[in-house]
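Trainee: Following this line is my_file33.cif, made up of mmCIF, C-alpha atoms and all ligand atoms:
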data_query
#
loop_
_atom_site.label_atom_id
_atom_site.label_comp_id
_atom_site.auth_asym_id
_atom_site.auth_seq_id
_atom_site.Cartn_x
_atom_site.Cartn_y
_atom_site.Cartn_z
CA MET A 122 -7.53 -18.35 4.71
CA THR A 123 -4.68 -19.93 2.85
CA SER A 124 -1.19 -19.06 1.70
CA ALA A 125 -0.88 -21.41 -1.30
CA TYR A 126 -3.27 -23.40 -3.52
CA VAL A 127 -3.27 -27.03 -4.63
CA PHE A 128 -3.13 -27.51 -8.41
CA ALA A 129 -4.96 -30.29 -10.26
CA SER A 130 -1.87 -31.26 -12.26
CA ALA A 131 1.59 -30.11 -13.27
CA ALA A 132 0.09 -28.60 -16.41
CA ASP A 133 -2.50 -26.76 -14.28
CA ALA A 134 0.32 -25.32 -12.11
CA ALA A 135 2.29 -24.24 -15.18
CA GLY A 136 -0.79 -22.67 -16.77
CA LYS A 137 -1.78 -20.73 -13.66
CA PHE A 138 1.77 -19.65 -12.99
CA SER A 139 2.19 -18.24 -16.49
CA GLY A 140 -1.18 -16.53 -16.31
CA ALA A 141 -2.51 -18.53 -19.29
CA ARG A 142 -5.12 -20.12 -16.97
CA PRO A 143 -7.11 -18.11 -14.47
CA GLY A 144 -6.83 -19.09 -10.82
CA ASN A 145 -4.94 -18.53 -7.61
CA VAL A 146 -1.28 -19.39 -7.18
CA TYR A 147 -0.16 -17.83 -3.90
CA SER A 148 -1.88 -15.33 -1.58
CA ARG A 149 0.79 -12.69 -2.05
CA PHE A 150 -0.62 -12.38 -5.64
CA THR A 151 -4.31 -13.20 -5.24
CA ASN A 152 -6.67 -14.74 -2.70
CA PRO A 153 -10.42 -15.32 -3.19
CA THR A 154 -11.47 -13.58 0.05
CA VAL A 155 -9.27 -10.59 -0.74
CA ARG A 156 -10.59 -10.65 -4.32
CA SER A 157 -14.20 -10.40 -3.07
CA PHE A 158 -13.28 -7.33 -1.07
CA GLU A 159 -11.51 -5.73 -4.05
CA GLN A 160 -14.46 -6.39 -6.37
CA ARG A 161 -17.07 -5.08 -3.96
CA VAL A 162 -15.23 -1.83 -3.21
CA ALA A 163 -14.60 -1.42 -6.96
CA CYS A 164 -18.34 -1.80 -7.52
CA MET A 165 -19.12 0.82 -4.84
CA GLU A 166 -16.61 3.29 -6.38
CA GLY A 167 -17.85 2.67 -9.92
CA ALA A 168 -14.43 1.23 -10.86
CA GLU A 169 -13.70 -1.77 -13.07
CA ASP A 170 -11.25 -3.32 -10.66
CA GLY A 171 -9.29 -2.91 -7.44
CA VAL A 172 -6.20 -4.12 -5.62
CA ALA A 173 -6.12 -4.46 -1.82
CA PHE A 174 -3.06 -3.79 0.34
CA SER A 175 -1.93 -4.36 3.91
CA SER A 176 -2.17 -0.58 4.56
CA GLY A 177 -3.15 2.68 2.93
CA MET A 178 0.52 3.71 2.74
CA ALA A 179 1.40 0.45 0.95
CA ALA A 180 -1.30 1.30 -1.60
CA ILE A 181 0.10 4.82 -2.12
CA VAL A 182 3.71 3.60 -2.43
CA ALA A 183 2.58 0.97 -4.97
CA ILE A 184 0.97 3.71 -7.10
CA ALA A 185 4.30 5.55 -7.20
CA HIS A 186 6.21 2.37 -8.07
CA ALA A 187 3.77 1.68 -10.88
CA TRP A 188 3.98 5.05 -12.64
CA LEU A 189 6.88 7.16 -11.39
CA VAL A 190 10.22 6.88 -13.13
CA ALA A 191 13.33 9.07 -13.04
CA GLY A 192 12.86 12.20 -15.12
CA LYS A 193 9.08 12.30 -14.62
CA ASN A 194 7.38 14.55 -12.11
CA VAL A 195 4.49 14.16 -9.72
CA VAL A 196 2.24 16.96 -8.48
CA CYS A 197 0.84 16.53 -4.98
CA SER A 198 -1.33 18.77 -2.82
CA ARG A 199 0.24 20.15 0.35
CA ASP A 200 -2.72 19.13 2.53
CA VAL A 201 -2.38 15.38 2.38
CA PHE A 202 -1.95 12.76 5.07
CA GLY A 203 1.45 13.50 6.73
CA THR A 204 3.12 10.22 5.83
CA THR A 205 1.91 10.59 2.23
CA LEU A 206 3.79 13.88 2.00
CA THR A 207 6.90 12.26 3.53
CA ALA A 208 6.63 9.44 0.98
CA PHE A 209 6.42 11.92 -1.88
CA ARG A 210 9.06 14.37 -0.71
CA HIS A 211 11.59 11.97 0.69
CA TYR A 212 11.25 8.57 -0.95
CA PHE A 213 9.72 9.28 -4.37
CA GLY A 214 12.25 12.08 -4.77
CA LYS A 215 14.98 9.48 -4.26
CA LEU A 216 13.58 7.53 -7.22
CA GLY A 217 14.72 10.48 -9.31
CA ALA A 218 11.27 11.99 -9.75
CA ASP A 219 10.63 15.71 -9.44
CA VAL A 220 8.07 16.18 -6.66
CA ARG A 221 5.97 19.36 -6.94
CA VAL A 222 3.84 20.32 -3.97
CA VAL A 223 0.94 22.73 -4.55
CA SER A 224 -2.01 24.23 -2.70
CA LEU A 225 -5.05 21.94 -2.75
CA VAL A 226 -7.43 24.82 -3.43
CA ASP A 227 -5.45 27.05 -5.81
CA ILE A 228 -6.18 25.90 -9.36
CA GLU A 229 -3.49 28.26 -10.77
CA GLU A 230 -0.81 26.44 -8.79
CA TRP A 231 -1.97 23.13 -10.28
CA ARG A 232 -1.98 24.68 -13.76
CA LYS A 233 1.62 25.88 -13.38
CA ALA A 234 2.91 22.64 -11.88
CA ILE A 235 1.37 20.10 -14.29
CA ASP A 236 3.19 19.57 -17.61
CA SER A 237 3.74 16.91 -20.25
CA ASN A 238 6.29 15.20 -17.97
CA THR A 239 3.79 14.73 -15.13
CA ALA A 240 3.22 11.02 -14.41
CA PHE A 241 0.29 11.63 -12.07
CA VAL A 242 -1.23 14.16 -9.71
CA PHE A 243 -2.22 13.19 -6.19
CA LEU A 244 -4.75 14.86 -3.97
CA GLU A 245 -6.90 14.24 -0.93
CA THR A 246 -10.32 15.86 -0.66
CA PRO A 247 -11.63 16.89 1.80
CA SER A 248 -8.27 17.37 3.48
CA ASN A 249 -7.54 16.59 7.09
CA PRO A 250 -7.65 18.35 9.59
CA ILE A 251 -8.68 21.65 7.91
CA LEU A 252 -11.31 20.22 5.52
CA ASN A 253 -10.25 22.03 2.38
CA ILE A 254 -11.81 20.84 -0.88
CA ALA A 255 -10.14 20.25 -4.24
CA ALA A 256 -12.08 20.83 -7.45
CA ILE A 257 -11.59 17.29 -8.77
CA ALA A 258 -13.05 17.89 -12.24
CA LYS A 259 -10.96 21.04 -12.88
CA ILE A 260 -7.71 19.42 -11.75
CA ALA A 261 -8.53 16.27 -13.77
CA HIS A 262 -9.08 18.40 -16.86
CA LEU A 263 -5.66 20.07 -16.44
CA ALA A 264 -3.96 16.71 -15.85
CA HIS A 265 -5.61 14.93 -18.76
CA THR A 266 -4.71 17.74 -21.14
CA CYS A 267 -1.07 16.89 -20.32
CA GLY A 268 -1.59 13.11 -20.36
CA ALA A 269 -1.20 12.73 -16.58
CA LYS A 270 -3.25 10.40 -14.38
CA VAL A 271 -5.28 11.68 -11.43
CA VAL A 272 -5.17 9.88 -8.09
CA VAL A 273 -7.58 10.85 -5.29
CA ASP A 274 -7.32 9.70 -1.68
CA ASN A 275 -11.00 9.20 -0.75
CA THR A 276 -10.43 7.89 2.79
CA LEU A 277 -12.42 10.62 4.55
CA LEU A 278 -15.69 10.13 2.68
CA THR A 279 -15.60 6.47 1.54
CA PRO A 280 -17.36 5.36 -1.68
CA THR A 281 -20.74 6.03 -0.02
CA GLN A 282 -20.26 9.82 0.06
CA GLN A 283 -17.91 10.60 -2.83
CA ASN A 284 -16.92 8.83 -6.05
CA PRO A 285 -13.93 10.71 -7.51
CA LEU A 286 -13.94 8.59 -10.71
CA LYS A 287 -17.28 10.20 -11.64
CA HIS A 288 -15.58 13.61 -11.51
CA GLY A 289 -12.68 12.63 -13.75
CA ALA A 290 -10.18 10.91 -11.44
CA ASP A 291 -8.45 7.81 -12.84
CA VAL A 292 -7.55 6.13 -9.58
CA VAL A 293 -8.99 6.17 -6.06
CA VAL A 294 -7.11 5.08 -2.98
CA HIS A 295 -8.44 4.38 0.51
CA SER A 296 -6.87 3.73 3.85
CA ALA A 297 -9.45 0.98 4.45
CA GLY A 298 -8.79 0.56 8.16
CA LYS A 299 -10.43 3.95 8.75
CA TYR A 300 -14.14 4.33 7.88
CA ILE A 301 -14.36 1.28 5.59
CA ASP A 302 -13.56 -1.05 8.48
CA GLY A 303 -14.93 1.58 10.80
CA GLN A 304 -14.42 -0.48 13.92
CA GLY A 305 -10.73 0.01 14.61
CA ARG A 306 -9.87 -3.64 13.95
CA CYS A 307 -7.35 -3.68 11.13
CA VAL A 308 -4.92 -1.71 8.98
CA ALA A 309 -5.64 -2.01 5.25
CA GLY A 310 -5.60 -0.16 1.93
CA VAL A 311 -7.21 -0.45 -1.49
CA VAL A 312 -6.64 1.10 -4.93
CA LEU A 313 -9.45 1.28 -7.52
CA GLY A 314 -9.52 2.12 -11.23
CA SER A 315 -9.72 0.67 -14.73
CA GLU A 316 -8.71 -2.94 -15.42
CA GLN A 317 -5.70 -1.70 -17.34
CA LEU A 318 -4.42 0.58 -14.56
CA MET A 319 -5.09 -2.05 -11.90
CA ALA A 320 -2.98 -4.56 -13.87
CA ASP A 321 -0.03 -2.17 -13.36
CA ILE A 322 -0.78 -2.01 -9.63
CA ARG A 323 -1.20 -5.79 -9.30
CA ALA A 324 2.20 -6.29 -10.89
CA VAL A 325 3.72 -4.08 -8.17
CA ILE A 326 2.07 -5.87 -5.22
CA ARG A 327 3.51 -9.16 -6.40
CA VAL A 328 7.00 -7.69 -5.96
CA MET A 329 6.32 -5.39 -3.03
CA GLY A 330 4.49 -8.06 -1.04
CA ALA A 331 2.29 -5.71 0.98
CA SER A 332 -0.75 -7.92 0.42
CA LEU A 333 -3.92 -7.83 2.50
CA SER A 334 -4.43 -10.79 4.83
CA PRO A 335 -7.54 -12.91 4.05
CA MET A 336 -8.60 -12.56 7.71
CA ASP A 337 -8.60 -8.75 7.40
CA ALA A 338 -10.34 -9.02 4.03
CA TRP A 339 -13.10 -11.04 5.72
CA LEU A 340 -13.48 -8.36 8.43
CA LEU A 341 -13.63 -5.69 5.73
CA LEU A 342 -16.25 -7.64 3.76
CA LYS A 343 -18.50 -7.63 6.82
CA SER A 344 -17.81 -3.91 7.25
CA LEU A 345 -18.93 -3.10 3.71
CA GLU A 346 -22.40 -4.41 4.58
CA THR A 347 -22.88 -1.63 7.15
CA LEU A 348 -20.75 1.11 5.56
CA GLU A 349 -23.58 3.17 4.14
CA LEU A 350 -25.57 3.10 7.40
CA ARG A 351 -22.53 3.94 9.49
CA MET A 352 -21.45 6.83 7.26
CA ALA A 353 -24.96 8.27 7.26
CA ALA A 354 -25.13 8.14 11.06
CA ILE A 355 -21.59 9.48 11.49
CA SER A 356 -22.15 12.44 9.19
CA ARG A 357 -25.50 13.21 10.86
CA ASN A 358 -23.71 13.29 14.23
CA ALA A 359 -20.86 15.39 12.81
CA GLN A 360 -23.27 17.90 11.27
CA GLN A 361 -25.15 18.30 14.56
CA LEU A 362 -21.92 18.64 16.50
CA ALA A 363 -20.47 21.20 14.07
CA ARG A 364 -23.62 23.36 14.46
CA TRP A 365 -23.50 23.01 18.23
CA LEU A 366 -19.81 24.02 18.31
CA CYS A 367 -20.58 27.14 16.24
CA SER A 368 -23.00 28.25 18.97
CA GLN A 369 -20.52 27.80 21.85
CA PRO A 370 -18.57 30.69 23.43
CA LYS A 371 -14.73 30.59 23.29
CA ILE A 372 -14.85 28.43 20.15
CA GLY A 373 -13.08 30.02 17.19
CA ARG A 374 -13.47 28.69 13.68
CA VAL A 375 -15.28 25.42 13.09
CA TYR A 376 -14.12 23.45 10.04
CA TYR A 377 -16.69 21.09 8.48
CA THR A 378 -17.73 20.92 4.85
CA GLY A 379 -21.39 20.44 5.84
CA LEU A 380 -21.58 23.99 7.25
CA SER A 381 -23.01 26.48 4.77
CA GLU A 382 -20.39 28.99 6.07
CA HIS A 383 -17.60 26.74 4.74
CA PRO A 384 -15.90 28.81 2.01
CA GLN A 385 -16.17 25.90 -0.44
CA TYR A 386 -19.60 24.64 0.63
CA GLU A 387 -21.02 24.74 -2.89
CA LEU A 388 -18.09 22.89 -4.39
CA ALA A 389 -18.35 20.31 -1.59
CA CYS A 390 -22.04 19.76 -2.32
CA SER A 391 -21.36 19.46 -6.06
CA GLN A 392 -18.98 16.52 -5.67
CA GLN A 393 -19.91 14.95 -2.32
CA SER A 394 -23.18 13.31 -1.31
CA GLY A 395 -22.23 13.60 2.38
CA HIS A 396 -19.68 15.34 4.56
CA GLY A 397 -18.12 12.52 6.57
CA GLY A 398 -17.13 12.43 10.22
CA VAL A 399 -13.97 14.54 10.50
CA LEU A 400 -14.33 18.06 11.86
CA SER A 401 -11.97 20.51 13.54
CA PHE A 402 -12.38 23.61 15.66
CA GLU A 403 -10.32 26.24 17.44
CA VAL A 404 -10.68 26.58 21.18
CA GLY A 405 -9.48 29.07 23.81
CA ILE A 406 -6.24 30.99 23.39
CA GLY A 407 -3.50 28.45 22.73
CA ARG A 408 -2.07 24.99 23.31
CA GLU A 409 -2.85 25.02 27.06
CA CYS A 410 -6.56 25.48 26.37
CA ALA A 411 -6.65 22.85 23.62
CA TRP A 412 -4.82 20.32 25.78
CA HIS A 413 -7.03 21.11 28.78
CA LEU A 414 -10.13 20.48 26.69
CA ILE A 415 -8.73 17.15 25.45
CA ASP A 416 -7.67 16.03 28.94
CA SER A 417 -11.10 16.92 30.37
CA LEU A 418 -12.98 14.58 28.01
CA LYS A 419 -14.34 11.35 29.49
CA LEU A 420 -16.32 9.67 26.69
CA ILE A 421 -14.20 10.80 23.75
CA SER A 422 -10.91 8.89 23.34
CA ILE A 423 -7.57 10.57 22.65
CA ALA A 424 -6.33 8.84 19.49
CA THR A 425 -4.74 10.08 16.28
CA SER A 426 -6.61 7.71 13.96
CA ILE A 427 -9.98 8.40 12.34
CA GLY A 428 -13.02 6.34 11.44
CA ASP A 429 -13.96 4.32 14.49
CA THR A 430 -17.39 3.70 16.02
CA ARG A 431 -16.18 5.83 18.94
CA THR A 432 -15.50 9.54 18.78
CA MET A 433 -11.78 10.33 18.93
CA VAL A 434 -9.97 13.59 19.57
CA THR A 435 -6.50 14.80 18.68
CA HIS A 436 -4.35 17.93 18.89
CA PRO A 437 -2.80 18.04 15.39
CA ALA A 438 -0.12 20.68 16.16
CA SER A 439 1.59 18.42 18.74
CA THR A 440 0.93 15.02 17.11
CA THR A 441 0.25 14.48 13.39
CA HIS A 442 1.69 17.89 12.47
CA GLY A 443 4.32 18.00 15.25
CA LYS A 444 7.25 17.45 12.87
CA LEU A 445 6.41 20.49 10.74
CA THR A 446 8.02 23.85 11.44
CA ALA A 447 5.83 26.54 13.00
CA LEU A 448 5.69 28.29 9.61
CA GLU A 449 4.63 25.12 7.79
CA ARG A 450 1.94 24.53 10.41
CA GLU A 451 0.70 28.08 9.98
CA LYS A 452 0.57 27.59 6.19
CA ALA A 453 -1.38 24.36 6.74
CA GLY A 454 -3.85 26.23 8.98
CA VAL A 455 -2.95 24.04 11.96
CA SER A 456 -2.78 26.42 14.93
CA GLU A 457 -2.05 25.53 18.56
CA ARG A 458 -5.75 26.13 19.29
CA LEU A 459 -6.91 23.54 16.77
CA VAL A 460 -8.63 20.36 17.95
CA ARG A 461 -9.74 17.61 15.56
CA LEU A 462 -12.59 15.19 16.12
CA SER A 463 -13.33 11.95 14.31
CA VAL A 464 -17.00 11.68 15.15
CA GLY A 465 -18.34 8.23 15.99
CA LEU A 466 -21.68 6.52 16.40
CA GLU A 467 -22.53 7.49 19.98
CA SER A 468 -25.72 9.38 20.74
CA PRO A 469 -25.06 13.01 19.75
CA ALA A 470 -26.28 14.19 23.18
CA ASP A 471 -23.55 12.11 24.86
CA ILE A 472 -20.87 13.67 22.63
CA THR A 473 -22.05 17.25 23.22
CA ASN A 474 -22.38 16.63 26.97
CA ASP A 475 -18.80 15.39 27.15
CA LEU A 476 -17.56 18.39 25.14
CA GLY A 477 -19.78 20.79 27.09
CA VAL A 478 -18.24 19.82 30.45
CA ALA A 479 -14.73 19.98 28.99
CA LEU A 480 -15.45 23.41 27.49
CA SER A 481 -16.58 24.82 30.83
CA ASN A 482 -13.24 23.63 32.27
CA VAL A 483 -11.48 25.48 29.45
CA HIS A 484 -13.42 28.65 30.29
CA VAL A 485 -12.12 28.52 33.88
CA LEU A 486 -8.55 27.98 32.68
CA GLN A 487 -8.79 30.71 30.06
CA ASP A 488 -10.10 33.25 32.60
CA LYS A 489 -7.18 32.37 34.90
CA LEU A 490 -4.67 32.74 32.05
CA VAL A 491 -6.12 36.12 31.08
CA GLN A 492 -5.99 37.34 34.69
CA LEU A 493 -2.41 36.12 35.05
CA ALA A 494 -1.38 37.95 31.88
CA ARG A 495 -3.02 41.15 33.19
CA SER A 496 -1.30 40.93 36.60
CA GLU A 497 2.07 40.46 34.84
CA VAL A 498 1.44 43.66 32.89
C1 LIG B 1 -4.50 6.89 7.54
C2 LIG B 1 -4.48 7.51 6.23
C3 LIG B 1 -3.58 7.10 5.24
C4 LIG B 1 -2.57 6.02 5.47
O1 LIG B 1 -3.18 4.78 5.62
P1 LIG B 1 -2.62 3.60 6.55
O2 LIG B 1 -3.66 2.55 6.36
O3 LIG B 1 -2.52 4.12 7.95
O4 LIG B 1 -1.29 3.21 6.00
C5 LIG B 1 -3.66 7.71 3.99
N1 LIG B 1 -4.54 8.69 3.75
C6 LIG B 1 -5.40 9.12 4.68
C7 LIG B 1 -6.36 10.21 4.35
C8 LIG B 1 -5.40 8.55 5.95
O5 LIG B 1 -6.25 9.01 6.87
#
Please re-express this file's structure in structure tokens.
Ligand SMILES: *Cc1c(COP(=O)(O)O)cnc(C)c1O
Mentor:
Amino acid sequence: MTSAYVFASAADAAGKFSGARPGNVYSRFTNPTVRSFEQRVACMEGAEDGVAFSSGMAAIVAIAHAWLVAGKNVVCSRDVFGTTLTAFRHYFGKLGADVRVVSLVDIEEWRKAIDSNTAFVFLETPSNPILNIAAIAKIAHLAHTCGAKVVVDNTLLTPTQQNPLKHGADVVVHSAGKYIDGQGRCVAGVVLGSEQLMADIRAVIRVMGASLSPMDAWLLLKSLETLELRMAAISRNAQQLARWLCSQPKIGRVYYTGLSEHPQYELACSQQSGHGGVLSFEVGIGRECAWHLIDSLKLISIATSIGDTRTMVTHPASTTHGKLTALEREKAGVSERLVRLSVGLESPADITNDLGVALSNVHVLQDKLVQLARSEV
């Protein structure tokens, strides 16, 4: 925990400042606790190096500052974290870059959008809240043929369940305050890749200043020690819950990549070693039913974040996707009936009991709504 470092001599200060001598100068550039975190996550992702940030968004913005210049283009999948899409469309566009948004799952759209002027492609797989999967290796092949870098947001699965670099990605980014911390204690981000690419990113953080605090790095270091165990337990819970939801009446589609009915189940299994803790499902006949379910829950917390020890629920159409037009929401597969869960570490029986009671309340409401509609006719 320090901001600056004491040098042994004036020559030592000059040497470290110029980069001729290794060592720390100021914690906006490097800090030993932060460095430990970067090196350990890099090791888990199979990357040479990493750079930590004060948030996932800071990490994503730094990537753009490193490689996007006026006249270049960037290709981004439509199903990405909402603020990521805002950053691409609004702010990176202002840098003079051409921002091309494509379907995550349609390889032809990627093929048409990527060209020799593409600086990098950006995707998130699985996506949130609909759990679509991108074929990382195929997209990487298209990008590399044109000399473009491939950046994958791996927040949902963490390095314990997916390593995009092994499938051809050049850079991985995480919002580290989600599953990596996993305990809802801090906001953080990290970018991983080759030493050469990370040197570009480190140059940006020095100017941008969105550095990770050593205190948060220490929390995250402790979190890494339990990450694998937590992710295994979370995905076991999520799998059980997804199956249980499929068997419930008045539940529409259930979205989870661990279900063999998932249209991209085989692709998911070919690039993921687990399926994470985010799942979504459709309930009842509209917003009223979805909200009633959410408001009936006692154990599960209403929160828009993901990756805590506790199970959290959200209604994407009126929160994370509330700013989209109805048509954009429809295209994104986010209906008014959709409910998203970030499954936690509670006993699975406690989670299903909570949902079971809430679902029976929804059944009562839905029957009333149907009767009302009939009497109006
Ligand atoms: C939360 C999130 C981000 C943004 O990260 P912050 O740490 O909140 O800035 C980016 N991508 C995904 C998938 C996220 O869930």
Trainee: Name the closest residue to ligand LIG 1 (chain B) among the candidates A:Asp133, A:Glu382, A:Glu409, A:Asp429; distances are taken between atoms, counting only C-alpha atoms and all ligand atoms.
Mentor: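 Of the candidates, the smallest distance to ligand LIG 1 (chain B) is held by A:Asp429.
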Trainee: So that I can check the surroundings of range 167-170 of chain A, please list as number ranges by chain every protein, DNA and RNA residue that reaches within 8 Å of it, counting all atoms listed in the file and ignoring chain neighbours fewer than 6 positions away.
Mentor: A: 159-160, 284, 286-287, 313-316, 319
Trainee: Write out as a PyMOL selection string the residues lying within 12 Å of His436 in chain A, counting only C-alpha atoms and excluding same-chain residues fewer than 4 positions away.
Mentor: chain A and resi 250+401-404+407-416+423-426+440-443+455-463
Trainee: Can you measure CA of Phe213 in chain A to CA of Leu318 in chain A for me? One decimal in Å is fine.
Mentor: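 Taking CA of Phe213 in chain A and CA of Leu318 in chain A, their separation equals 19.5 Å.
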Trainee: Hey, which bits of range 225-297 of chain A sit within 12 Å of range 354-363 of chain A, and for each residue what's the closest pair of atoms and how far apart in Å (one decimal), counting all atoms listed in the file, rows by chain and increasing number, as JSON lines?
Mentor:
{"residue": "A:Leu277", "atom": "CA", "partner": "A:Ser356", "partner_atom": "CA", "distance": 10.9}
{"residue": "A:Leu278", "atom": "CA", "partner": "A:Ser356", "partner_atom": "CA", "distance": 9.5}
{"residue": "A:Thr279", "atom": "CA", "partner": "A:Ser356", "partner_atom": "CA", "distance": 11.7}
{"residue": "A:Thr281", "atom": "CA", "partner": "A:Ser356", "partner_atom": "CA", "distance": 11.3}
{"residue": "A:Gln282", "atom": "CA", "partner": "A:Ser356", "partner_atom": "CA", "distance": 9.7}
Trainee: Regenerate range 247-260 of chain A at the level of N, CA, C and O atoms and dump it as a PDB file, keeping the file's coordinate frame.
Mentor:
ATOM      1  N   PRO A 247     -12.122  15.748   1.045  1.00  0.00           N
ATOM      2  CA  PRO A 247     -11.630  16.890   1.800  1.00  0.00           C
ATOM      3  C   PRO A 247     -10.315  16.553   2.487  1.00  0.00           C
ATOM      4  O   PRO A 247     -10.032  15.393   2.743  1.00  0.00           O
ATOM      5  N   SER A 248      -9.543  17.599   2.821  1.00  0.00           N
ATOM      6  CA  SER A 248      -8.270  17.370   3.480  1.00  0.00           C
ATOM      7  C   SER A 248      -8.492  17.296   4.990  1.00  0.00           C
ATOM      8  O   SER A 248      -9.547  17.654   5.499  1.00  0.00           O
ATOM      9  N   ASN A 249      -7.467  16.850   5.664  1.00  0.00           N
ATOM     10  CA  ASN A 249      -7.540  16.590   7.090  1.00  0.00           C
ATOM     11  C   ASN A 249      -6.336  17.298   7.732  1.00  0.00           C
ATOM     12  O   ASN A 249      -5.234  17.108   7.239  1.00  0.00           O
ATOM     13  N   PRO A 250      -6.478  18.101   8.753  1.00  0.00           N
ATOM     14  CA  PRO A 250      -7.650  18.350   9.590  1.00  0.00           C
ATOM     15  C   PRO A 250      -8.457  19.612   9.217  1.00  0.00           C
ATOM     16  O   PRO A 250      -9.449  19.907   9.883  1.00  0.00           O
ATOM     17  N   ILE A 251      -8.074  20.339   8.156  1.00  0.00           N
ATOM     18  CA  ILE A 251      -8.680  21.650   7.910  1.00  0.00           C
ATOM     19  C   ILE A 251      -9.881  21.582   6.955  1.00  0.00           C
ATOM     20  O   ILE A 251     -10.591  22.565   6.750  1.00  0.00           O
ATOM     21  N   LEU A 252     -10.121  20.408   6.362  1.00  0.00           N
ATOM     22  CA  LEU A 252     -11.310  20.220   5.520  1.00  0.00           C
ATOM     23  C   LEU A 252     -11.365  21.205   4.343  1.00  0.00           C
ATOM     24  O   LEU A 252     -12.396  21.830   4.090  1.00  0.00           O
ATOM     25  N   ASN A 253     -10.232  21.308   3.644  1.00  0.00           N
ATOM     26  CA  ASN A 253     -10.250  22.030   2.380  1.00  0.00           C
ATOM     27  C   ASN A 253     -10.727  21.081   1.286  1.00  0.00           C
ATOM     28  O   ASN A 253     -10.550  19.869   1.393  1.00  0.00           O
ATOM     29  N   ILE A 254     -11.267  21.657   0.208  1.00  0.00           N
ATOM     30  CA  ILE A 254     -11.810  20.840  -0.880  1.00  0.00           C
ATOM     31  C   ILE A 254     -11.041  21.122  -2.162  1.00  0.00           C
ATOM     32  O   ILE A 254     -10.769  22.286  -2.471  1.00  0.00           O
ATOM     33  N   ALA A 255     -10.742  20.077  -2.916  1.00  0.00           N
ATOM     34  CA  ALA A 255     -10.140  20.250  -4.240  1.00  0.00           C
ATOM     35  C   ALA A 255     -11.233  20.119  -5.286  1.00  0.00           C
ATOM     36  O   ALA A 255     -12.122  19.284  -5.156  1.00  0.00           O
ATOM     37  N   ALA A 256     -11.132  20.929  -6.324  1.00  0.00           N
ATOM     38  CA  ALA A 256     -12.080  20.830  -7.450  1.00  0.00           C
ATOM     39  C   ALA A 256     -11.594  19.690  -8.340  1.00  0.00           C
ATOM     40  O   ALA A 256     -10.761  19.881  -9.229  1.00  0.00           O
ATOM     41  N   ILE A 257     -12.113  18.484  -8.094  1.00  0.00           N
ATOM     42  CA  ILE A 257     -11.590  17.290  -8.770  1.00  0.00           C
ATOM     43  C   ILE A 257     -11.684  17.423 -10.291  1.00  0.00           C
ATOM     44  O   ILE A 257     -10.716  17.167 -11.008  1.00  0.00           O
ATOM     45  N   ALA A 258     -12.844  17.849 -10.785  1.00  0.00           N
ATOM     46  CA  ALA A 258     -13.050  17.890 -12.240  1.00  0.00           C
ATOM     47  C   ALA A 258     -12.084  18.879 -12.915  1.00  0.00           C
ATOM     48  O   ALA A 258     -11.529  18.588 -13.976  1.00  0.00           O
ATOM     49  N   LYS A 259     -11.859  20.031 -12.277  1.00  0.00           N
ATOM     50  CA  LYS A 259     -10.960  21.040 -12.880  1.00  0.00           C
ATOM     51  C   LYS A 259      -9.525  20.526 -12.918  1.00  0.00           C
ATOM     52  O   LYS A 259      -8.817  20.690 -13.918  1.00  0.00           O
ATOM     53  N   ILE A 260      -9.085  19.931 -11.808  1.00  0.00           N
ATOM     54  CA  ILE A 260      -7.710  19.420 -11.750  1.00  0.00           C
ATOM     55  C   ILE A 260      -7.544  18.254 -12.738  1.00  0.00           C
ATOM     56  O   ILE A 260      -6.537  18.159 -13.437  1.00  0.00           O
TER      57      ILE A 260
END
